[in-house]
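Trainee: This is run-v8.txt, which holds compact mmCIF, C-alpha atoms and all ligand atoms:
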# COMPACT_ATOMS: atom_id res chain seq x y z
CA MET A 1 20.92 -61.74 -30.07
CA ARG A 2 19.90 -58.36 -28.66
CA ILE A 3 22.16 -57.39 -25.75
CA GLY A 4 21.97 -54.38 -23.44
CA THR A 5 24.59 -53.33 -20.95
CA LEU A 6 23.91 -51.60 -17.68
CA GLY A 7 27.07 -49.59 -17.27
CA ASN A 8 29.58 -48.28 -19.78
CA GLY A 9 32.72 -49.08 -17.86
CA LEU A 10 35.59 -51.47 -18.43
CA MET A 11 33.64 -54.74 -18.21
CA ALA A 12 30.81 -53.50 -20.40
CA GLU A 13 33.25 -52.33 -23.05
CA ALA A 14 35.37 -55.49 -23.05
CA LEU A 15 32.47 -57.95 -23.22
CA ALA A 16 30.27 -55.89 -25.52
CA GLY A 17 33.21 -55.50 -27.91
CA GLN A 18 33.52 -59.29 -28.19
CA TRP A 19 29.79 -59.77 -28.64
CA VAL A 20 29.56 -57.17 -31.39
CA LYS A 21 32.43 -58.94 -33.18
CA ALA A 22 30.43 -62.18 -32.86
CA GLY A 23 27.50 -60.53 -34.65
CA HIS A 24 25.23 -59.49 -31.79
CA ASP A 25 23.40 -56.16 -31.57
CA VAL A 26 24.42 -54.23 -28.47
CA ILE A 27 23.09 -51.13 -26.75
CA ILE A 28 25.56 -49.67 -24.26
CA GLY A 29 23.44 -48.28 -21.44
CA GLY A 30 25.06 -45.43 -19.57
CA ARG A 31 23.79 -42.71 -17.28
CA ASP A 32 26.07 -40.19 -19.01
CA PRO A 33 25.08 -40.06 -22.71
CA GLN A 34 28.51 -38.85 -23.83
CA ARG A 35 30.39 -41.65 -22.04
CA ALA A 36 27.92 -44.24 -23.33
CA ALA A 37 28.23 -42.88 -26.88
CA ALA A 38 32.03 -42.98 -26.76
CA VAL A 39 32.03 -46.63 -25.63
CA ALA A 40 29.35 -47.58 -28.16
CA LYS A 41 31.44 -46.04 -30.91
CA ARG A 42 34.55 -47.95 -29.84
CA VAL A 43 32.77 -51.32 -29.69
CA GLY A 44 30.53 -50.84 -32.73
CA GLY A 45 27.25 -50.74 -30.85
CA THR A 46 24.58 -48.15 -30.12
CA ALA A 47 24.29 -45.94 -27.04
CA GLY A 48 21.24 -45.57 -24.86
CA SER A 49 20.10 -44.83 -21.36
CA PRO A 50 20.21 -47.66 -18.81
CA THR A 51 16.43 -48.00 -19.15
CA GLU A 52 16.67 -48.28 -22.93
CA ALA A 53 19.46 -50.86 -22.75
CA ALA A 54 17.58 -52.92 -20.16
CA SER A 55 14.41 -52.91 -22.26
CA TYR A 56 16.28 -53.73 -25.48
CA GLY A 57 18.31 -56.71 -24.36
CA GLU A 58 17.09 -60.27 -24.45
CA VAL A 59 20.24 -60.56 -22.40
CA VAL A 60 21.32 -57.70 -20.16
CA LEU A 61 24.85 -57.45 -18.76
CA LEU A 62 24.86 -55.82 -15.33
CA ALA A 63 28.30 -54.20 -15.09
CA VAL A 64 28.09 -51.63 -12.32
CA PRO A 65 29.62 -51.44 -8.83
CA ALA A 66 28.16 -54.18 -6.64
CA GLU A 67 26.84 -51.69 -4.10
CA VAL A 68 24.35 -50.34 -6.68
CA ALA A 69 23.74 -53.65 -8.48
CA VAL A 70 20.35 -54.41 -6.93
CA GLU A 71 19.07 -50.88 -7.53
CA VAL A 72 20.22 -50.79 -11.17
CA ALA A 73 18.99 -54.35 -11.86
CA ARG A 74 15.42 -53.22 -11.14
CA LEU A 75 15.46 -51.62 -14.61
CA VAL A 76 15.41 -55.06 -16.25
CA PRO A 77 11.91 -56.11 -17.35
CA PRO A 78 10.57 -59.62 -16.71
CA GLY A 79 11.37 -62.27 -19.27
CA ARG A 80 15.00 -61.23 -19.79
CA THR A 81 18.24 -62.89 -18.84
CA LEU A 82 20.46 -60.76 -16.61
CA ILE A 83 24.16 -61.56 -16.42
CA ASP A 84 25.61 -60.42 -13.13
CA CYS A 85 29.39 -60.00 -13.39
CA THR A 86 29.74 -57.88 -10.27
CA ASN A 87 32.22 -58.45 -7.46
CA ALA A 88 31.44 -56.87 -4.10
CA LEU A 89 35.10 -56.78 -3.21
CA ASP A 90 36.27 -55.20 0.02
CA HIS A 91 39.64 -53.91 -1.13
CA ARG A 92 40.95 -53.57 2.42
CA ASP A 93 41.35 -57.31 2.93
CA PHE A 94 40.02 -58.88 -0.31
CA THR A 95 36.94 -60.34 1.29
CA LEU A 96 33.36 -59.67 0.25
CA ALA A 97 31.79 -56.37 1.27
CA GLN A 98 28.33 -57.86 0.80
CA PRO A 99 27.35 -61.53 0.61
CA ALA A 100 25.41 -63.21 -2.19
CA THR A 101 24.92 -60.25 -4.54
CA ALA A 102 23.44 -62.35 -7.34
CA GLU A 103 20.82 -63.83 -5.03
CA ALA A 104 19.94 -60.34 -3.75
CA ILE A 105 19.50 -59.21 -7.36
CA ASN A 106 17.35 -62.26 -8.06
CA ARG A 107 15.00 -61.38 -5.20
CA ALA A 108 14.67 -57.82 -6.55
CA VAL A 109 13.74 -58.73 -10.13
CA PRO A 110 10.97 -61.33 -10.25
CA GLY A 111 10.56 -62.94 -13.64
CA VAL A 112 14.15 -62.16 -14.67
CA GLN A 113 16.62 -65.03 -15.06
CA VAL A 114 19.72 -63.99 -13.11
CA VAL A 115 22.97 -65.69 -14.09
CA LYS A 116 26.36 -65.14 -12.49
CA ALA A 117 29.17 -65.21 -15.04
CA PHE A 118 32.35 -63.43 -16.18
CA ASN A 119 33.21 -62.24 -12.65
CA LEU A 120 36.30 -64.43 -12.23
CA ALA A 121 38.58 -62.77 -14.77
CA ALA A 122 39.70 -59.18 -15.25
CA GLU A 123 38.41 -56.99 -18.04
CA THR A 124 41.80 -57.21 -19.73
CA VAL A 125 41.16 -60.95 -20.10
CA TRP A 126 37.78 -60.31 -21.72
CA GLN A 127 39.37 -57.86 -24.16
CA ASN A 128 41.40 -60.73 -25.56
CA PRO A 129 40.05 -63.98 -24.11
CA PRO A 130 42.38 -67.00 -24.18
CA THR A 131 40.91 -69.72 -26.38
CA GLY A 132 39.42 -72.48 -24.27
CA LEU A 133 39.25 -70.50 -21.03
CA GLY A 134 36.65 -72.08 -18.76
CA VAL A 135 33.95 -69.64 -17.69
CA PRO A 136 31.85 -70.81 -14.74
CA ILE A 137 28.16 -70.00 -14.93
CA CYS A 138 25.71 -70.19 -12.03
CA GLY A 139 22.00 -69.87 -12.66
CA ASP A 140 18.65 -71.58 -12.49
CA GLY A 141 16.85 -72.81 -15.58
CA PRO A 142 18.24 -73.07 -19.11
CA LEU A 143 21.62 -71.40 -19.51
CA ASP A 144 21.81 -71.69 -23.30
CA LEU A 145 21.93 -67.97 -24.07
CA VAL A 146 24.75 -67.25 -21.64
CA ALA A 147 26.61 -70.38 -22.73
CA GLU A 148 26.39 -69.12 -26.32
CA LEU A 149 27.82 -65.75 -25.27
CA VAL A 150 30.70 -67.54 -23.53
CA ARG A 151 31.42 -69.60 -26.65
CA ASP A 152 31.33 -66.41 -28.75
CA LEU A 153 34.46 -65.37 -26.82
CA GLY A 154 36.21 -68.60 -27.79
CA CYS A 155 35.76 -69.75 -24.20
CA VAL A 156 34.13 -72.81 -22.69
CA PRO A 157 31.01 -72.53 -20.52
CA VAL A 158 31.33 -74.45 -17.26
CA ALA A 159 28.02 -75.32 -15.59
CA ALA A 160 28.77 -74.45 -11.96
CA GLY A 161 25.35 -75.05 -10.44
CA GLY A 162 22.26 -73.07 -9.60
CA LEU A 163 22.08 -69.47 -8.48
CA VAL A 164 22.45 -70.61 -4.89
CA ARG A 165 26.09 -71.35 -5.78
CA ALA A 166 26.72 -67.87 -7.24
CA LYS A 167 27.93 -66.76 -3.83
CA LEU A 168 30.75 -69.28 -4.20
CA LEU A 169 31.80 -67.67 -7.48
CA GLU A 170 31.74 -64.30 -5.75
CA ALA A 171 33.93 -65.65 -2.94
CA THR A 172 36.22 -67.37 -5.44
CA ALA A 173 36.78 -64.07 -7.21
CA ALA A 174 37.67 -62.35 -3.94
CA LEU A 175 40.08 -65.16 -3.03
CA ALA A 176 41.67 -65.15 -6.48
CA ILE A 177 42.07 -61.37 -6.62
CA GLY A 178 43.65 -61.34 -3.15
CA ILE A 179 46.14 -64.03 -4.17
CA TRP A 180 46.87 -62.29 -7.46
CA VAL A 181 47.44 -58.91 -5.79
CA GLY A 182 49.80 -60.65 -3.37
CA GLY A 183 51.87 -61.91 -6.29
CA GLY A 184 50.55 -65.49 -6.34
CA ASP A 185 49.68 -67.52 -9.43
CA VAL A 186 46.00 -68.39 -9.19
CA ARG A 187 46.12 -70.61 -12.27
CA GLY A 188 48.79 -72.78 -10.70
CA MET A 189 46.36 -73.86 -7.99
CA PHE A 190 44.32 -76.04 -10.34
CA PRO A 191 46.05 -78.95 -12.13
CA PRO A 192 44.60 -80.29 -15.38
CA LEU A 193 41.85 -82.87 -14.79
CA ALA A 194 43.83 -85.87 -15.96
CA GLU A 195 46.71 -85.08 -13.61
CA ALA A 196 44.37 -84.53 -10.70
CA PHE A 197 42.12 -87.53 -11.08
CA GLY A 198 43.50 -89.85 -13.72
CA SER A 199 41.79 -90.02 -17.06
CA VAL A 200 38.22 -90.13 -15.72
CA PRO A 201 37.02 -87.37 -13.37
CA PRO A 202 34.93 -88.46 -10.37
CA GLY A 203 31.26 -88.73 -11.27
CA GLN A 204 31.93 -89.09 -14.99
CA SER A 205 32.75 -92.80 -15.18
N1 LIG B 301 37.23 -54.51 -14.03
C1 LIG B 301 37.39 -55.82 -13.91
O1 LIG B 301 38.45 -56.38 -14.24
C2 LIG B 301 36.26 -56.67 -13.35
C3 LIG B 301 36.36 -58.07 -13.44
C4 LIG B 301 35.31 -58.85 -12.96
C5 LIG B 301 34.20 -58.25 -12.40
N2 LIG B 301 34.14 -56.88 -12.31
C6 LIG B 301 32.95 -56.28 -11.73
O2 LIG B 301 32.18 -55.74 -12.79
C7 LIG B 301 31.49 -54.57 -12.35
C8 LIG B 301 31.86 -53.42 -13.29
O3 LIG B 301 33.25 -53.24 -13.23
P1 LIG B 301 34.00 -52.22 -14.20
O4 LIG B 301 35.44 -52.48 -14.04
O5 LIG B 301 33.37 -52.23 -15.53
O6 LIG B 301 33.66 -50.84 -13.48
P2 LIG B 301 33.81 -49.36 -14.07
O7 LIG B 301 34.74 -49.34 -15.21
O8 LIG B 301 34.08 -48.50 -12.89
O9 LIG B 301 32.34 -49.05 -14.63
C9 LIG B 301 31.25 -49.00 -13.74
C10 LIG B 301 30.03 -48.54 -14.51
O10 LIG B 301 28.93 -48.49 -13.58
C11 LIG B 301 28.27 -47.25 -13.77
N3 LIG B 301 27.61 -46.84 -12.52
C12 LIG B 301 28.19 -46.55 -11.34
N4 LIG B 301 27.25 -46.22 -10.43
C13 LIG B 301 26.07 -46.28 -11.08
C14 LIG B 301 24.74 -46.02 -10.68
N5 LIG B 301 24.44 -45.64 -9.42
N6 LIG B 301 23.76 -46.16 -11.60
C15 LIG B 301 24.05 -46.55 -12.86
N7 LIG B 301 25.30 -46.81 -13.30
C16 LIG B 301 26.30 -46.67 -12.41
C17 LIG B 301 29.35 -46.28 -14.17
O11 LIG B 301 28.73 -45.19 -14.80
P3 LIG B 301 29.53 -43.82 -15.10
O12 LIG B 301 30.42 -44.11 -16.26
O13 LIG B 301 28.42 -42.89 -15.43
O14 LIG B 301 30.26 -43.50 -13.84
C18 LIG B 301 30.17 -47.15 -15.12
O15 LIG B 301 29.60 -47.15 -16.40
C19 LIG B 301 31.93 -54.33 -10.91
O16 LIG B 301 30.95 -54.84 -10.04
C20 LIG B 301 33.21 -55.13 -10.79
O17 LIG B 301 33.42 -55.62 -9.48
C21 LIG B 301 35.14 -56.08 -12.77
Give the structure from the file, written as structure tokens.
Mentor:
Amino acid sequence: MRIGTLGNGLMAEALAGQWVKAGHDVIIGGRDPQRAAAVAKRVGGTAGSPTEAASYGEVVLLAVPAEVAVEVARLVPPGRTLIDCTNALDHRDFTLAQPATAEAINRAVPGVQVVKAFNLAAETVWQNPPTGLGVPICGDGPLDLVAELVRDLGCVPVAAGGLVRAKLLEATAALAIGIWVGGGDVRGMFPPLAEAFGSVPPGQS
């Protein structure tokens, strides 16, 4: 698959590194050619401008601060899949600084399939993803390409609903980060399915 990244920061490097290892062709798109080149060299990809990366990718990872996400997403041409991993976190109280970023991006890029994914875990997790980690995905239409990129990490795609539910993933990230920063164990909040519901989850009998 051809993948472009918008951004050459921590998330772009961690995820692109995994996707290169899985055999994909990646252009790291950065506004500073030297920073983009350094990241591309580390992950085994190619460096380009944000415009070049957006045009190249069948799938484009948007990995920039949420406050510029809509503006930067406008570089993505119609017909592509855009993965939005941004979190508009307000670090003062771990709430959201802006609501429904993925839906705002979607309104700005007609003809682009916007998918929210990879925003729930830290970049350190994506550097070395635990096998079997569930990765929720919210988006409209077929999610096969993004599901494949999740599986390439050794993780499990979790269909979490349409793009209208992406705002819930954004809120979940803010909640989880706030708990984690406060010293809580986010993972401990969710028991395994069988323990929670018996052997058959509701709706799957
Ligand atoms: N870090 C995590 O653990 C984590 C986890 C989940 C989700 N996220 C989300 O993922 C997104 C990226 O996070 P990150 O940790 O990778 O951030 P980062 O390391 O700070 O990288 C941000 C990238 O965005 C670029 N950028 C900033 N402003 C830009 C603009 N106006 N136009 C174009 N590019 C711009 C930066 O370019 P320069 O290098 O030129 O400054 C940099 O490449 C954020 O929305 C964050 O909330 C992060």
Trainee: Using only C-alpha atoms and all ligand atoms, I'd like a table of the residues in chain A that come within 8 Å of ligand LIG 301 (chain B); for each, show the closest atom pair and its distance in Å rounded to one decimal, ordered by chain and ascending number, as JSON lines.
Mentor:
{"residue": "A:Leu6", "atom": "CA", "partner": "B:LIG301", "partner_atom": "N7", "distance": 6.6}
{"residue": "A:Gly7", "atom": "CA", "partner": "B:LIG301", "partner_atom": "O15", "distance": 3.6}
{"residue": "A:Asn8", "atom": "CA", "partner": "B:LIG301", "partner_atom": "O15", "distance": 3.6}
{"residue": "A:Gly9", "atom": "CA", "partner": "B:LIG301", "partner_atom": "O9", "distance": 3.3}
{"residue": "A:Leu10", "atom": "CA", "partner": "B:LIG301", "partner_atom": "O5", "distance": 3.7}
{"residue": "A:Met11", "atom": "CA", "partner": "B:LIG301", "partner_atom": "O5", "distance": 3.7}
{"residue": "A:Ala12", "atom": "CA", "partner": "B:LIG301", "partner_atom": "O5", "distance": 5.6}
{"residue": "A:Glu13", "atom": "CA", "partner": "B:LIG301", "partner_atom": "O5", "distance": 7.5}
{"residue": "A:Gly30", "atom": "CA", "partner": "B:LIG301", "partner_atom": "O15", "distance": 5.8}
{"residue": "A:Arg31", "atom": "CA", "partner": "B:LIG301", "partner_atom": "O13", "distance": 5.0}
{"residue": "A:Asp32", "atom": "CA", "partner": "B:LIG301", "partner_atom": "O13", "distance": 5.1}
{"residue": "A:Arg35", "atom": "CA", "partner": "B:LIG301", "partner_atom": "O12", "distance": 6.3}
{"residue": "A:Ala36", "atom": "CA", "partner": "B:LIG301", "partner_atom": "O12", "distance": 7.5}
{"residue": "A:Pro50", "atom": "CA", "partner": "B:LIG301", "partner_atom": "C15", "distance": 7.2}
{"residue": "A:Leu62", "atom": "CA", "partner": "B:LIG301", "partner_atom": "C7", "distance": 7.4}
{"residue": "A:Ala63", "atom": "CA", "partner": "B:LIG301", "partner_atom": "C8", "distance": 4.1}
{"residue": "A:Val64", "atom": "CA", "partner": "B:LIG301", "partner_atom": "O10", "distance": 3.5}
{"residue": "A:Pro65", "atom": "CA", "partner": "B:LIG301", "partner_atom": "O16", "distance": 3.8}
{"residue": "A:Ala66", "atom": "CA", "partner": "B:LIG301", "partner_atom": "O16", "distance": 4.4}
{"residue": "A:Glu67", "atom": "CA", "partner": "B:LIG301", "partner_atom": "O16", "distance": 7.9}
{"residue": "A:Val68", "atom": "CA", "partner": "B:LIG301", "partner_atom": "N5", "distance": 5.4}
{"residue": "A:Ala69", "atom": "CA", "partner": "B:LIG301", "partner_atom": "O16", "distance": 7.5}
{"residue": "A:Glu71", "atom": "CA", "partner": "B:LIG301", "partner_atom": "N5", "distance": 7.7}
{"residue": "A:Val72", "atom": "CA", "partner": "B:LIG301", "partner_atom": "N6", "distance": 5.8}
{"residue": "A:Cys85", "atom": "CA", "partner": "B:LIG301", "partner_atom": "O2", "distance": 5.1}
{"residue": "A:Thr86", "atom": "CA", "partner": "B:LIG301", "partner_atom": "O16", "distance": 3.3}
{"residue": "A:Asn87", "atom": "CA", "partner": "B:LIG301", "partner_atom": "O17", "distance": 3.7}
{"residue": "A:Ala88", "atom": "CA", "partner": "B:LIG301", "partner_atom": "O17", "distance": 5.9}
{"residue": "A:Leu89", "atom": "CA", "partner": "B:LIG301", "partner_atom": "O17", "distance": 6.6}
{"residue": "A:Phe118", "atom": "CA", "partner": "B:LIG301", "partner_atom": "C4", "distance": 6.3}
{"residue": "A:Asn119", "atom": "CA", "partner": "B:LIG301", "partner_atom": "C4", "distance": 4.0}
{"residue": "A:Leu120", "atom": "CA", "partner": "B:LIG301", "partner_atom": "C4", "distance": 5.7}
{"residue": "A:Ala121", "atom": "CA", "partner": "B:LIG301", "partner_atom": "C3", "distance": 5.4}
{"residue": "A:Ala122", "atom": "CA", "partner": "B:LIG301", "partner_atom": "O1", "distance": 3.2}
{"residue": "A:Glu123", "atom": "CA", "partner": "B:LIG301", "partner_atom": "O1", "distance": 3.8}
{"residue": "A:Thr124", "atom": "CA", "partner": "B:LIG301", "partner_atom": "O1", "distance": 6.5}
{"residue": "A:Val125", "atom": "CA", "partner": "B:LIG301", "partner_atom": "O1", "distance": 7.9}
{"residue": "A:Ala173", "atom": "CA", "partner": "B:LIG301", "partner_atom": "C4", "distance": 7.9}
Trainee: Could you dump the residues just selected with C-alpha atoms as an mmCIF file, in the frame of the given file?
Mentor:
data_model
loop_
_atom_site.group_PDB
_atom_site.id
_atom_site.type_symbol
_atom_site.label_atom_id
_atom_site.label_comp_id
_atom_site.auth_asym_id
_atom_site.auth_seq_id
_atom_site.Cartn_x
_atom_site.Cartn_y
_atom_site.Cartn_z
ATOM 1 C CA LEU A 6 23.910 -51.600 -17.680
ATOM 2 C CA GLY A 7 27.070 -49.590 -17.270
ATOM 3 C CA ASN A 8 29.580 -48.280 -19.780
ATOM 4 C CA GLY A 9 32.720 -49.080 -17.860
ATOM 5 C CA LEU A 10 35.590 -51.470 -18.430
ATOM 6 C CA MET A 11 33.640 -54.740 -18.210
ATOM 7 C CA ALA A 12 30.810 -53.500 -20.400
ATOM 8 C CA GLU A 13 33.250 -52.330 -23.050
ATOM 9 C CA GLY A 30 25.060 -45.430 -19.570
ATOM 10 C CA ARG A 31 23.790 -42.710 -17.280
ATOM 11 C CA ASP A 32 26.070 -40.190 -19.010
ATOM 12 C CA ARG A 35 30.390 -41.650 -22.040
ATOM 13 C CA ALA A 36 27.920 -44.240 -23.330
ATOM 14 C CA PRO A 50 20.210 -47.660 -18.810
ATOM 15 C CA LEU A 62 24.860 -55.820 -15.330
ATOM 16 C CA ALA A 63 28.300 -54.200 -15.090
ATOM 17 C CA VAL A 64 28.090 -51.630 -12.320
ATOM 18 C CA PRO A 65 29.620 -51.440 -8.830
ATOM 19 C CA ALA A 66 28.160 -54.180 -6.640
ATOM 20 C CA GLU A 67 26.840 -51.690 -4.100
ATOM 21 C CA VAL A 68 24.350 -50.340 -6.680
ATOM 22 C CA ALA A 69 23.740 -53.650 -8.480
ATOM 23 C CA GLU A 71 19.070 -50.880 -7.530
ATOM 24 C CA VAL A 72 20.220 -50.790 -11.170
ATOM 25 C CA CYS A 85 29.390 -60.000 -13.390
ATOM 26 C CA THR A 86 29.740 -57.880 -10.270
ATOM 27 C CA ASN A 87 32.220 -58.450 -7.460
ATOM 28 C CA ALA A 88 31.440 -56.870 -4.100
ATOM 29 C CA LEU A 89 35.100 -56.780 -3.210
ATOM 30 C CA PHE A 118 32.350 -63.430 -16.180
ATOM 31 C CA ASN A 119 33.210 -62.240 -12.650
ATOM 32 C CA LEU A 120 36.300 -64.430 -12.230
ATOM 33 C CA ALA A 121 38.580 -62.770 -14.770
ATOM 34 C CA ALA A 122 39.700 -59.180 -15.250
ATOM 35 C CA GLU A 123 38.410 -56.990 -18.040
ATOM 36 C CA THR A 124 41.800 -57.210 -19.730
ATOM 37 C CA VAL A 125 41.160 -60.950 -20.100
ATOM 38 C CA ALA A 173 36.780 -64.070 -7.210
#
Trainee: For a test of reading the model, state the distance in Å between CA of Ile137 in chain A and CA of Leu168 in chain A, rounded to one decimal.
Mentor: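 Value for the CA of Ile137 in chain A-CA of Leu168 in chain A distance: 11.1 Å.
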Trainee: How would you write as a ChimeraX atom specification the residues that get within 9 Å of (33.2, -73.7, -13.3) in the file's frame, counting all atoms listed in the file?
Mentor: /A:134-138,157-161,169
Trainee: Tell me, as a PyMOL selection string, which residues lie within 9 Å of range 40-49 of chain A, counting only C-alpha atoms; anything in the same chain fewer than 6 positions away does not count.
Mentor: chain A and resi 4+6+8+13-14+16-18+20-21+25-34
Trainee: Measuring between all atoms listed in the file, which one of A:Thr5, A:Ala108, A:Ala174, A:Leu153 shows the shortest distance to Glu52 in chain A?
Mentor: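 The shortest atom-to-atom distance to Glu52 in chain A comes from A:Thr5.
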Trainee: May I have the residues within 12 Å of Phe190 in chain A as a list in words, using all atoms listed in the file and disregarding those fewer than 6 positions away in the same chain?
Mentor: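 Near neighbours after the sequence-gap exclusion: Ala176, Ala196 and Phe197 of chain A.
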Trainee: Which is closer to Arg80 in chain A than all the others in A:Ala38, A:Leu149, A:Ile177, A:Val109, using all atoms listed in the file?
Mentor: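 Smallest distance to Arg80 in chain A is found for A:Val109.
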Trainee: Of the candidates A:Gly182, A:Ala104, A:Ala171, A:Asp152, which one gets nearest to Asn128 in chain A if we count only C-alpha atoms?
Mentor: A:Asp152
Trainee: Separation of CA of Arg107 in chain A and CA of Glu170 in chain A, in Å?
Mentor: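 Value for the CA of Arg107 in chain A-CA of Glu170 in chain A distance: 17.0 Å.
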Trainee: How many Å separate CA of Ala166 in chain A from CA of Ala73 in chain A?
Mentor: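 CA of Ala73 in chain A lies 16.2 Å from CA of Ala166 in chain A.
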Trainee: Taking all atoms of range 147-154 of chain A that appear in the file, build a box with edges along x, y and z, extend it by 4 Å on every side, and state its centre and edge lengths in Å to one decimal, as lines of an AutoDock Vina configuration file.
Mentor:
center_x = 31.3
center_y = -67.9
center_z = -25.7
size_x = 17.8
size_y = 13.0
size_z = 14.0
